[in-house]
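Below is structure36.txt, which holds compact mmCIF, C-alpha atoms.
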```txt
# COMPACT_ATOMS: atom_id res chain seq x y z
CA MET U 1 15.62 -2.71 -27.35
CA ALA U 2 15.96 0.84 -26.07
CA ARG U 3 12.98 3.15 -26.40
CA SER U 4 13.21 6.33 -28.43
CA ARG U 5 12.30 9.49 -26.55
CA VAL U 6 11.34 11.14 -29.87
CA VAL U 7 8.82 8.39 -30.64
CA LEU U 8 7.38 8.48 -27.13
CA GLY U 9 6.88 12.25 -27.23
CA ASP U 10 8.37 12.72 -23.77
CA LEU U 11 5.05 12.45 -21.95
CA ARG U 12 5.72 12.67 -18.22
CA VAL U 13 4.01 12.97 -14.87
CA GLN U 14 4.24 16.48 -13.45
CA VAL U 15 4.06 16.88 -9.68
CA LEU U 16 2.22 20.05 -8.65
CA LYS U 17 2.60 21.55 -5.18
CA ARG U 18 -0.69 22.92 -3.88
CA SER U 19 -1.11 25.97 -1.67
CA GLY U 20 -2.34 23.79 1.20
CA GLY U 21 0.89 21.80 1.18
CA GLY U 22 -0.42 18.76 -0.71
CA LEU U 23 0.60 17.38 -4.07
CA SER U 24 -1.34 16.83 -7.27
CA TYR U 25 -0.29 14.88 -10.35
CA ALA U 26 -0.89 15.66 -14.01
CA ILE U 27 0.36 14.21 -17.30
CA VAL U 28 2.02 16.80 -19.53
CA TRP U 29 3.51 16.94 -23.03
CA PRO U 30 7.04 18.15 -23.94
CA ASP U 31 5.76 21.72 -24.34
CA CYS U 32 4.39 21.52 -20.75
CA SER U 33 0.77 21.50 -21.92
CA VAL U 34 -1.52 19.30 -19.86
CA ASP U 35 -3.03 16.23 -21.51
CA GLU U 36 -6.71 17.11 -21.22
CA GLU U 37 -8.03 13.55 -21.43
CA ALA U 38 -5.75 12.33 -18.67
CA ASP U 39 -6.43 15.42 -16.55
CA SER U 40 -10.18 14.91 -16.83
CA TYR U 41 -9.78 11.39 -15.48
CA LEU U 42 -7.24 12.20 -12.75
CA ARG U 43 -8.81 15.39 -11.37
CA PRO U 44 -11.54 13.67 -9.28
CA PHE U 45 -8.77 11.80 -7.39
CA ASP U 46 -7.09 15.05 -6.31
CA GLY U 47 -5.91 14.84 -2.70
CA SER U 48 -5.68 11.05 -2.61
CA GLY U 49 -2.84 8.62 -3.10
CA SER U 50 -4.79 7.02 -5.95
CA GLN U 51 -4.09 10.03 -8.18
CA LYS U 52 -0.34 9.41 -8.07
CA THR U 53 -0.74 5.67 -8.66
CA TYR U 54 -3.10 6.11 -11.61
CA ALA U 55 -1.00 8.92 -13.13
CA TYR U 56 2.16 6.84 -13.35
CA SER U 57 0.25 3.80 -14.59
CA LEU U 58 -1.57 5.85 -17.21
CA VAL U 59 1.48 7.71 -18.55
CA ASP U 60 3.11 4.36 -19.33
CA HIS U 61 0.09 3.34 -21.38
CA LEU U 62 -0.09 6.67 -23.23
CA ARG U 63 3.55 6.30 -24.24
CA TRP U 64 2.81 2.83 -25.58
CA ARG U 65 -0.22 4.20 -27.42
CA ILE U 66 1.95 6.78 -29.19
CA ARG U 67 4.35 4.04 -30.34
CA GLU U 68 1.43 2.05 -31.70
CA GLY U 69 -0.07 5.05 -33.50
CA LEU U 70 -3.40 4.76 -31.65
CA THR U 71 -5.80 7.35 -30.22
CA THR U 72 -8.93 7.28 -28.10
CA GLU U 73 -11.00 7.24 -31.29
CA THR U 74 -9.18 4.29 -32.89
CA ILE U 75 -8.10 2.04 -30.02
CA GLY U 76 -10.05 -1.15 -29.42
CA ILE U 77 -10.47 -3.69 -26.66
CA LEU U 78 -8.00 -6.05 -28.35
CA ASP U 79 -5.41 -3.25 -28.41
CA LEU U 80 -5.84 -2.76 -24.68
CA LYS U 81 -5.42 -6.49 -24.11
CA ARG U 82 -2.28 -6.39 -26.24
CA TYR U 83 -0.94 -3.65 -23.99
CA MET U 84 -1.69 -5.71 -20.88
CA GLY U 85 0.22 -8.59 -22.43
CA ALA U 86 3.14 -6.32 -23.31
CA VAL U 87 3.53 -5.19 -19.70
CA GLY U 88 3.35 -8.64 -18.14
CA ALA U 89 -0.17 -10.12 -18.17
CA GLN U 90 -0.86 -13.57 -19.62
CA VAL U 91 -3.07 -13.03 -22.66
CA GLN U 92 -4.21 -15.62 -25.18
CA MET U 93 -3.11 -13.63 -28.22
CA PRO U 94 0.03 -12.19 -29.83
CA TYR U 95 0.87 -8.83 -28.31
CA GLY U 96 3.98 -7.82 -30.21
CA GLN U 97 7.14 -6.54 -28.54
CA PRO U 98 7.33 -6.48 -24.74
CA TRP U 99 6.91 -2.91 -23.54
CA ARG U 100 8.79 -3.12 -20.28
CA VAL U 101 12.35 -4.09 -21.15
CA PRO U 102 15.42 -4.42 -18.87
CA PRO U 103 16.28 -2.86 -16.50
CA GLN U 104 12.50 -2.54 -16.07
CA ARG U 105 10.59 -5.60 -14.96
CA PRO U 106 7.13 -6.75 -16.09
CA TYR U 107 4.27 -5.67 -13.86
CA GLY U 108 3.43 -7.95 -10.98
CA ALA U 109 -0.08 -9.12 -10.11
CA SER U 110 -0.95 -6.05 -8.05
CA ALA U 111 0.39 -3.58 -10.65
CA LEU U 112 -1.57 -5.35 -13.39
CA GLN U 113 -4.78 -4.94 -11.40
CA VAL U 114 -4.03 -1.22 -10.98
CA ALA U 115 -3.26 -0.82 -14.68
CA ALA U 116 -6.50 -2.56 -15.65
CA ALA U 117 -8.54 -0.32 -13.35
CA ALA U 118 -6.80 2.83 -14.63
CA LEU U 119 -7.34 1.92 -18.28
CA LYS U 120 -11.00 1.10 -17.81
CA GLY U 121 -11.70 4.31 -15.91
CA PHE U 122 -9.68 6.46 -18.33
CA TYR U 123 -11.33 5.19 -21.51
CA LEU U 124 -14.84 5.21 -20.10
CA ASP U 125 -14.32 8.84 -19.12
CA ALA U 126 -12.55 9.89 -22.34
CA CYS U 127 -15.02 8.18 -24.68
CA ALA U 128 -18.04 9.56 -22.83
CA ARG U 129 -16.75 13.13 -22.80
CA SER U 130 -15.80 13.10 -26.48
CA GLY U 131 -18.74 11.00 -27.66
CA VAL U 132 -16.49 8.56 -29.55
CA ASN U 133 -15.68 4.85 -29.69
CA ASP U 134 -18.98 3.44 -28.44
CA GLU U 135 -17.73 -0.05 -29.27
CA LEU U 136 -14.90 0.24 -26.73
CA ARG U 137 -17.25 1.69 -24.12
CA ASP U 138 -19.66 -1.22 -24.53
CA ALA U 139 -16.81 -3.73 -24.21
CA LEU U 140 -15.59 -2.09 -20.99
CA LEU U 141 -19.06 -1.90 -19.45
CA GLY U 142 -19.51 -5.66 -19.26
CA THR U 143 -20.84 -7.43 -16.16
CA ARG U 144 -20.39 -10.81 -14.54
CA LEU U 145 -22.22 -12.96 -12.03
CA PRO U 146 -21.50 -11.92 -8.43
CA THR U 147 -19.37 -14.15 -6.25
CA LYS U 148 -20.09 -14.96 -2.63
CA VAL U 149 -17.56 -12.28 -1.61
CA ASP U 150 -19.35 -9.69 -3.79
CA LYS U 151 -22.66 -10.52 -2.15
CA SER U 152 -21.29 -10.42 1.38
CA ARG U 153 -19.81 -6.96 0.78
CA ALA U 154 -22.93 -5.48 -0.80
CA PHE U 155 -25.98 -4.08 0.95
CA LEU U 156 -28.87 -6.46 0.15
CA GLY U 157 -26.32 -8.73 -1.48
CA HIS U 158 -28.77 -11.64 -1.58
CA VAL U 159 -30.69 -9.89 -4.37
CA LYS U 160 -27.57 -8.94 -6.33
CA LYS U 161 -27.77 -10.41 -9.84
CA SER U 162 -24.68 -8.96 -11.52
CA THR U 163 -21.57 -6.93 -10.79
CA PRO U 164 -19.31 -4.76 -13.00
CA ALA U 165 -16.48 -6.62 -14.70
CA ASN U 166 -13.19 -5.44 -16.13
CA PRO U 167 -12.23 -7.39 -19.26
CA LEU U 168 -8.64 -6.12 -18.94
CA ALA U 169 -8.05 -7.38 -15.41
CA PRO U 170 -6.05 -10.62 -15.14
CA SER U 171 -7.61 -13.40 -13.15
CA ARG U 172 -6.81 -13.05 -9.48
CA SER U 173 -4.53 -15.67 -8.03
CA PRO U 174 -5.67 -17.26 -4.77
CA ARG U 175 -4.90 -15.18 -1.69
CA ARG U 176 -1.51 -16.18 -0.36
CA ARG U 177 -2.12 -18.02 2.86
CA HIS U 178 1.40 -17.57 4.17
CA PRO U 179 2.41 -13.90 3.90
CA LYS U 180 6.09 -13.15 4.29
CA MET U 181 6.99 -12.98 7.98
CA LEU U 182 10.16 -11.77 9.65
CA PRO U 183 13.02 -14.26 9.95
CA ASP U 184 13.27 -16.07 13.28
CA GLY U 185 14.87 -13.87 15.92
CA ALA U 186 14.73 -10.80 13.70
CA LYS U 187 13.74 -8.30 16.38
CA PRO U 188 16.74 -8.68 18.75
CA GLU U 189 19.12 -8.99 15.80
CA LEU U 190 17.81 -5.78 14.24
CA LEU U 191 17.93 -3.93 17.56
CA GLY U 192 21.57 -4.91 17.85
CA ALA U 193 22.34 -3.79 14.29
CA VAL U 194 20.80 -0.29 14.28
CA ASN U 195 23.01 2.75 14.79
CA THR U 196 20.76 5.41 16.32
CA ALA U 197 18.05 5.83 18.94
CA ARG U 198 15.67 6.82 16.15
CA ASP U 199 16.29 3.59 14.28
CA GLU U 200 15.86 1.57 17.47
CA MET U 201 12.54 3.30 18.07
CA VAL U 202 11.37 2.51 14.53
CA VAL U 203 12.17 -1.20 14.95
CA ARG U 204 10.37 -1.34 18.31
CA TRP U 205 7.33 0.57 17.09
CA LEU U 206 6.98 -1.62 14.00
CA SER U 207 7.50 -4.77 16.07
CA ASP U 208 4.98 -3.94 18.82
CA THR U 209 2.19 -2.54 16.62
CA SER U 210 0.84 -3.14 13.14
CA LEU U 211 1.74 0.36 11.97
CA ARG U 212 2.26 0.86 8.25
CA ILE U 213 5.41 2.72 7.31
CA GLY U 214 3.48 5.64 5.79
CA GLY U 215 1.53 6.08 9.01
CA LEU U 216 4.67 5.84 11.17
CA THR U 217 6.70 8.38 9.20
CA GLY U 218 3.65 10.65 9.01
CA LEU U 219 3.21 10.90 12.79
CA HIS U 220 3.24 14.31 14.47
CA LEU U 221 4.05 14.77 18.13
CA VAL U 222 0.45 15.82 18.86
CA ASP U 223 -0.71 12.39 17.61
CA LEU U 224 0.99 10.64 20.55
CA HIS U 225 -0.99 10.07 23.74
CA LEU U 226 1.63 8.16 25.68
CA ARG U 227 -0.03 8.23 29.10
CA GLU U 228 -3.02 6.75 30.85
CA ASN U 229 -6.42 8.42 30.38
CA ALA U 230 -5.36 10.90 27.70
CA GLY U 231 -7.55 13.88 26.92
CA CYS U 232 -9.07 12.37 23.74
CA GLY U 233 -11.14 9.97 25.84
CA GLU U 234 -10.96 7.28 23.13
CA CYS U 235 -8.52 4.88 24.79
CA GLN U 236 -7.60 4.65 28.48
CA SER U 237 -4.20 3.06 27.82
CA PRO U 238 -1.25 4.82 26.16
CA HIS U 239 -1.88 5.01 22.43
CA LEU U 240 -1.31 6.99 19.27
CA HIS U 241 -3.53 8.35 16.50
CA VAL U 242 -2.55 7.84 12.86
CA CYS U 243 -4.11 10.77 10.98
CA HIS U 244 -4.09 11.16 7.22
CA ARG U 245 -2.62 14.57 6.36
CA TRP U 246 -2.39 15.71 2.79
CA GLY U 247 0.44 18.20 3.24
CA ASN U 248 3.17 16.43 5.22
CA PRO U 249 6.53 17.89 4.12
CA ASN U 250 8.04 14.39 3.77
CA ARG U 251 5.05 13.26 1.65
CA ALA U 252 4.25 10.48 4.13
CA ALA U 253 0.56 9.63 4.26
CA ALA U 254 -1.60 7.13 6.11
CA LYS U 255 -3.20 4.50 3.90
CA ILE U 256 -6.49 4.47 5.80
CA LYS U 257 -8.26 7.82 6.13
CA PRO U 258 -10.82 7.84 8.97
CA ASP U 259 -11.97 11.28 10.09
CA TRP U 260 -9.92 13.08 12.73
CA LYS U 261 -9.85 16.52 14.26
CA MET U 262 -8.02 18.62 16.82
CA VAL U 263 -10.04 20.20 19.62
CA ASP U 264 -8.25 22.45 22.13
CA GLY U 265 -4.93 20.97 21.05
CA VAL U 266 -6.06 17.35 21.49
CA ILE U 267 -6.26 14.93 18.54
CA THR U 268 -9.30 12.70 18.27
CA GLY U 269 -10.20 10.15 15.60
CA GLY U 270 -7.93 8.56 13.03
CA GLU U 271 -6.57 5.04 13.42
CA ILE U 272 -5.82 4.23 17.06
CA TYR U 273 -2.94 1.93 18.05
CA ARG U 274 -2.08 0.78 21.59
CA VAL U 275 1.48 1.52 22.68
CA SER U 276 3.76 -0.83 24.64
CA PRO U 277 6.05 0.20 27.55
CA ALA U 278 9.09 -0.60 25.39
CA MET U 279 7.80 1.79 22.74
CA ILE U 280 7.44 4.57 25.30
CA SER U 281 10.97 3.97 26.62
CA SER U 282 12.46 4.10 23.13
CA TYR U 283 10.48 7.27 22.41
CA PHE U 284 11.88 9.15 25.40
CA ARG U 285 15.42 7.93 24.65
CA TYR U 286 15.12 9.31 21.13
CA MET U 287 13.43 12.56 22.16
CA THR U 288 15.93 13.45 24.88
CA THR U 289 18.99 12.79 22.72
CA GLU U 290 18.73 13.02 18.94
CA TYR U 291 15.41 14.84 18.56
CA ALA U 292 16.31 17.51 21.10
CA LYS U 293 19.59 18.11 19.30
CA TYR U 294 18.42 18.32 15.68
CA ALA U 295 14.65 19.06 15.49
CA THR U 296 13.69 22.21 13.58
CA GLY U 297 10.20 22.89 14.91
CA HIS U 298 8.08 21.24 12.20
CA GLY U 299 6.32 19.05 14.77
CA MET U 300 6.82 15.67 13.07
CA LEU U 301 8.15 12.70 15.03
CA LEU U 302 10.88 11.18 12.85
CA ILE U 303 13.69 13.41 11.61
CA GLN U 304 16.83 13.13 9.50
CA LEU U 305 19.99 12.87 11.59
CA ALA U 306 22.63 13.55 8.92
CA GLY U 307 23.14 15.35 5.64
CA GLU U 308 22.24 18.81 4.46
CA ASN U 309 18.59 18.39 5.54
CA VAL U 310 19.38 17.34 9.11
CA GLY U 311 16.43 17.97 11.40
CA GLU U 312 13.88 17.82 8.59
CA PRO U 313 11.15 15.12 8.49
CA TRP U 314 12.36 11.61 7.63
CA THR U 315 10.75 9.90 4.62
CA ALA U 316 9.18 6.47 4.32
CA ASP U 317 11.74 5.46 1.68
CA ALA U 318 14.58 6.39 4.05
CA ALA U 319 13.01 4.22 6.76
CA ARG U 320 12.75 1.29 4.35
CA GLY U 321 16.41 1.73 3.43
CA MET U 322 17.42 1.78 7.09
CA LEU U 323 15.62 -1.54 7.73
CA ARG U 324 17.16 -3.10 4.65
CA ARG U 325 20.69 -2.11 5.68
CA ALA U 326 20.16 -3.19 9.30
CA GLY U 327 18.98 -6.58 8.04
CA ARG U 328 22.15 -6.97 6.01
CA ARG U 329 24.36 -6.03 8.95
CA ALA U 330 22.51 -8.54 11.12
CA GLU U 331 22.97 -11.15 8.35
CA LEU U 332 19.26 -11.91 8.30
CA PRO U 333 17.99 -13.88 5.29
CA GLY U 334 15.91 -12.05 2.72
CA ARG U 335 14.94 -8.41 2.60
CA ILE U 336 13.52 -6.80 5.73
CA THR U 337 10.42 -4.77 4.86
CA PRO U 338 8.02 -2.80 7.07
CA LYS U 339 5.09 -4.94 5.93
CA ALA U 340 6.71 -8.05 7.37
CA PHE U 341 6.41 -6.58 10.88
CA ARG U 342 2.68 -6.05 10.33
CA HIS U 343 2.23 -9.62 9.14
CA GLN U 344 4.30 -10.95 12.04
CA ILE U 345 2.36 -9.28 14.86
CA THR U 346 -0.98 -10.26 13.31
CA ASN U 347 0.13 -13.88 13.09
CA ASP U 348 1.51 -13.82 16.66
CA VAL U 349 -1.67 -12.28 18.11
CA LEU U 350 -3.76 -14.87 16.29
CA ASP U 351 -1.64 -17.66 17.75
CA VAL U 352 -1.74 -16.45 21.37
CA SER U 353 -5.46 -15.59 21.23
CA GLY U 354 -6.41 -19.11 20.25
CA GLY U 355 -7.25 -18.19 16.68
CA ASN U 356 -9.56 -15.30 17.59
CA SER U 357 -9.60 -13.42 14.28
CA MET U 358 -11.64 -10.54 15.75
CA VAL U 359 -8.88 -9.79 18.28
CA ALA U 360 -6.24 -9.93 15.55
CA LYS U 361 -8.38 -7.66 13.34
CA VAL U 362 -8.65 -5.00 16.04
CA VAL U 363 -4.95 -5.20 16.95
CA GLY U 364 -3.92 -4.84 13.33
CA ASN U 365 -6.65 -2.42 12.25
CA TRP U 366 -7.42 -4.80 9.40
CA ALA U 367 -10.48 -4.31 7.21
CA SER U 368 -12.31 -7.44 8.36
CA ALA U 369 -11.95 -10.48 10.57
CA GLN U 370 -12.79 -12.66 7.56
CA MET U 371 -9.70 -11.44 5.73
CA VAL U 372 -7.53 -12.12 8.78
CA ASP U 373 -8.92 -15.62 9.03
CA GLU U 374 -8.34 -16.33 5.32
CA VAL U 375 -4.76 -15.10 5.30
CA TYR U 376 -3.44 -16.00 8.75
CA GLY U 377 -5.84 -18.65 10.05
CA HIS U 378 -3.87 -21.70 8.94
CA PRO U 379 -3.28 -24.57 11.36
CA ASP U 380 0.11 -25.47 12.74
CA LEU U 381 0.83 -28.95 11.38
CA HIS U 382 2.86 -29.77 14.49
CA SER U 383 0.52 -28.36 17.14
CA PRO U 384 -0.84 -30.73 19.82
CA GLU U 385 -4.42 -29.88 18.75
CA PHE U 386 -3.72 -30.79 15.14
CA THR U 387 -1.99 -34.05 16.13
CA ALA U 388 -4.80 -35.00 18.54
CA ALA U 389 -7.44 -34.37 15.87
CA LEU U 390 -5.65 -36.63 13.39
CA GLN U 391 -5.14 -39.38 15.94
CA GLN U 392 -8.82 -39.28 16.85
CA VAL U 393 -9.83 -39.59 13.19
CA TRP U 394 -7.30 -42.34 12.52
CA GLY U 395 -8.35 -44.31 15.61
CA ASP U 396 -6.28 -47.46 16.09
CA GLU U 397 -5.72 -48.12 12.39
CA GLY U 398 -2.20 -46.79 12.56
CA HIS U 399 -1.25 -49.56 15.06
CA GLU U 400 -2.57 -52.52 13.07
```
In C-alpha cells, write the structure found in this file.
Amino acid sequence: MARSRVVLGDLRVQVLKRSGGGLSYAIVWPDCSVDEEADSYLRPFDGSGSQKTYAYSLVDHLRWRIREGLTTETIGILDLKRYMGAVGAQVQMPYGQPWRVPPQRPYGASALQVAAAALKGFYLDACARSGVNDELRDALLGTRLPTKVDKSRAFLGHVKKSTPANPLAPSRSPRRRHPKMLPDGAKPELLGAVNTARDEMVVRWLSDTSLRIGGLTGLHLVDLHLRENAGCGECQSPHLHVCHRWGNPNRAAAKIKPDWKMVDGVITGGEIYRVSPAMISSYFRYMTTEYAKYATGHGMLLIQLAGENVGEPWTADAARGMLRRAGRRAELPGRITPKAFRHQITNDVLDVSGGNSMVAKVVGNWASAQMVDEVYGHPDLHSPEFTAALQQVWGDEGHE
C-alpha cells in the first residue's frame, strides 16, 4: 500500500552546511519550520555521525506517528512497541499494518537497535522538557541486572547492581562467529579486474590494512608518512594517520575519533596504520599518473577520474560501487564490500600469529582483544592441532 504524502505531512531531514565545512541535520516540516522537539534531541550530537543516523531514524518514526494520530503527550510504551513491530522487530502483540513496504525492506538487527536508542532518547528528552507523559518516561527509565560484559566494561563493575535498559530494543542475537570474508583468491582477481591505478591502490590498501572505507576516502596527503622515521615520531616504519575531519568536501569521515593535531606541517595522533611496500608502490604509481593529471589542489588522496567533477575528492559510496563492479567483472561470488577486507586481514593475522588476539587487535585497531577473540577466535576443524587434541581425548577407542 503506497503512503500518502498528504497524510505524512512531508516531514523530511534537512542537511545544513556549516561555516566550518561540516554538516548538521535537522527535521523540518513542509513550511521549512524546524521540528523543535526533534531539534532539541539532535542538537547535542552536532558534529558527529550519530546526528545523521538518529535524524533519519527519527523522521521515519515521526511520519508513522502522524499516520497514527499520536503526539508526545498521548503516545504510550505499547504504541512505541507497535512501531518497532511495524518496521521489522518481533513483538508479541498486534502492530497493525507494516510501515516499511516494498521497495523498502524491514529494518535489520542493527537498524532496529539504532531505532530503539533514538526513540528512547527522543522521548525522554521531549517529555522532560515539556513536563508531560510521566508514564512513558517511567517505562523508558527501566533497569535490568548487569551482565558479565556490563561489569567488565564498567569502572568498579564488581559493585554494579543494575544497568539502564531499553524496553524497545529487540533481544540481541549472538555475535556472529564467522563474519563474511572475501572469496578465495579475491585479491589477485580484483587487481586484474580494476581499470585504473587509483582503483588498484584502493584494493591493495584495503587488502594490506584494516582501513575502513570512510577513513580511506577521508585521507589527506599530509596524513601519509610513507618513509622510515617520519617526523611524527609515533611509528618508525612507514605508516598513515586516519584523522576524523568534520568538513571533508566528499563527506567522508573516520569512524573512530582519537585526538590529532598538526604541528609544523606534521600530523600526529589519530588512528595509525602500518603501510606495506606494495601499498607504497601503488601510491606512487597513482600519484605520478592519474593524480598528477587531474588533482585540483584540495589536498585529499582519492579523486574522481571522470565526469563533470573530475579531480574532486572521491566519495565512499563511489569506492563501494567500484569494488562491487570489479567483483562482478572478476566473477567473484557474492558482493564485495570494504568491510570484508577488514574481516579478512584480521582473520589472517590471527591465524599466522598463533591465535594471538592482542596482535590482531593492534593490527586491526579493534576496540578490544576480547572482541577479536569472540568473533575470529574459532578453531580450524581440519587443523593438525585440532585433530591431535581429538585423538588424544579419544585414545584408542576409535580402533576397537
Per residue of range 260-297 of chain U within 10 Å of range 352-367 of chain U, what are the shortest atom pair and its distance in Å to one decimal, counting all atoms listed in the file, with rows by chain and residue number, as CSV?
```
residue,atom,partner,partner_atom,distance
U:Glu271,CA,U:Asn365,CA,7.6
U:Ile272,CA,U:Asn365,CA,8.2
U:Tyr273,CA,U:Val363,CA,7.5
U:Arg274,CA,U:Val363,CA,8.1
```
One-decimal distance in Å that lies between CA of Arg227 in chain U and CA of Thr268 in chain U: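 Straight-line distance from CA of Thr268 in chain U to CA of Arg227 in chain U works out to 14.9 Å.
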Once you count all atoms listed in the file, what closest atom pair and distance in Å to one decimal does each residue of range 189-275 of chain U within 9 Å of range 296-301 of chain U have, with rows by chain and rising residue number, as a Markdown table?
```
| residue | atom | partner | partner_atom | distance |
| --- | --- | --- | --- | --- |
| U:Leu216 | CA | U:Leu301 | CA | 8.6 |
| U:Thr217 | CA | U:Leu301 | CA | 7.4 |
| U:Gly218 | CA | U:Met300 | CA | 7.2 |
| U:Leu219 | CA | U:Leu301 | CA | 5.7 |
| U:His220 | CA | U:Met300 | CA | 4.1 |
| U:Leu221 | CA | U:Leu301 | CA | 5.5 |
| U:Val222 | CA | U:Gly299 | CA | 7.8 |
| U:Asn248 | CA | U:Met300 | CA | 8.7 |
| U:Pro249 | CA | U:His298 | CA | 8.9 |
```
Nearest-residue call for Leu305 in chain U, choices U:His241, U:Lys180, U:Trp205, U:Glu290, using only C-alpha atoms: U:Glu290
Given only C-alpha atoms as the counted atoms, nearest of U:Ile27, U:Ala193, U:Leu240, U:Leu136 to Val59 in chain U: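 Between U:Ile27, U:Ala193, U:Leu240, U:Leu136, the residue approaching Val59 in chain U most closely is U:Ile27.
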For Gly247 in chain U, the nearest of the candidates U:Gly185, U:Gly49, U:Pro384, U:Gly327, counting all atoms listed in the file: U:Gly49
Nearest to Met93 in chain U, chosen from U:Arg105, U:Lys261, U:Asp79, U:Thr288, with all atoms listed in the file counted in the distances: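 Among the listed residues, the smallest separation from Met93 in chain U belongs to U:Asp79.
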For Thr71 in chain U, the nearest of the candidates U:Ile280, U:Val194, U:Leu224, U:Val132, counting all atoms listed in the file: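 Under the stated criterion, the closest residue is U:Val132.
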Straight-line distance linking CA of Ala186 in chain U with CA of Met201 in chain U, stated in Å to one decimal: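 The value is 14.9 Å.
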Atom-to-atom span, CA of Ile345 in chain U and CA of Val203 in chain U, Å: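 Going from CA of Ile345 in chain U over to CA of Val203 in chain U, I get 12.7 Å.
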Around all listed atoms of range 37-43 of chain U, padded 3 Å per side, what centre and edge lengths does the axis-aligned box have in Å to one decimal, as AutoDock Vina command-line options?
```
--center_x -8.0 --center_y 13.4 --center_z -16.4 --size_x 10.4 --size_y 10.0 --size_z 16.1
```
Shell around range 96-100 of chain U at 10 Å using all atoms listed in the file, local window under 4 positions removed, as an NGL selection string: :U and (1 or 3 or 60-61 or 63-64 or 82-88 or 104-107)
Which of U:Asn347, U:Leu80, U:Gly269, U:Lys120 sits closest to His244 in chain U [using only C-alpha atoms]: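 Checking each of U:Asn347, U:Leu80, U:Gly269, U:Lys120 against His244 in chain U, counting only C-alpha atoms, the winner is U:Gly269.
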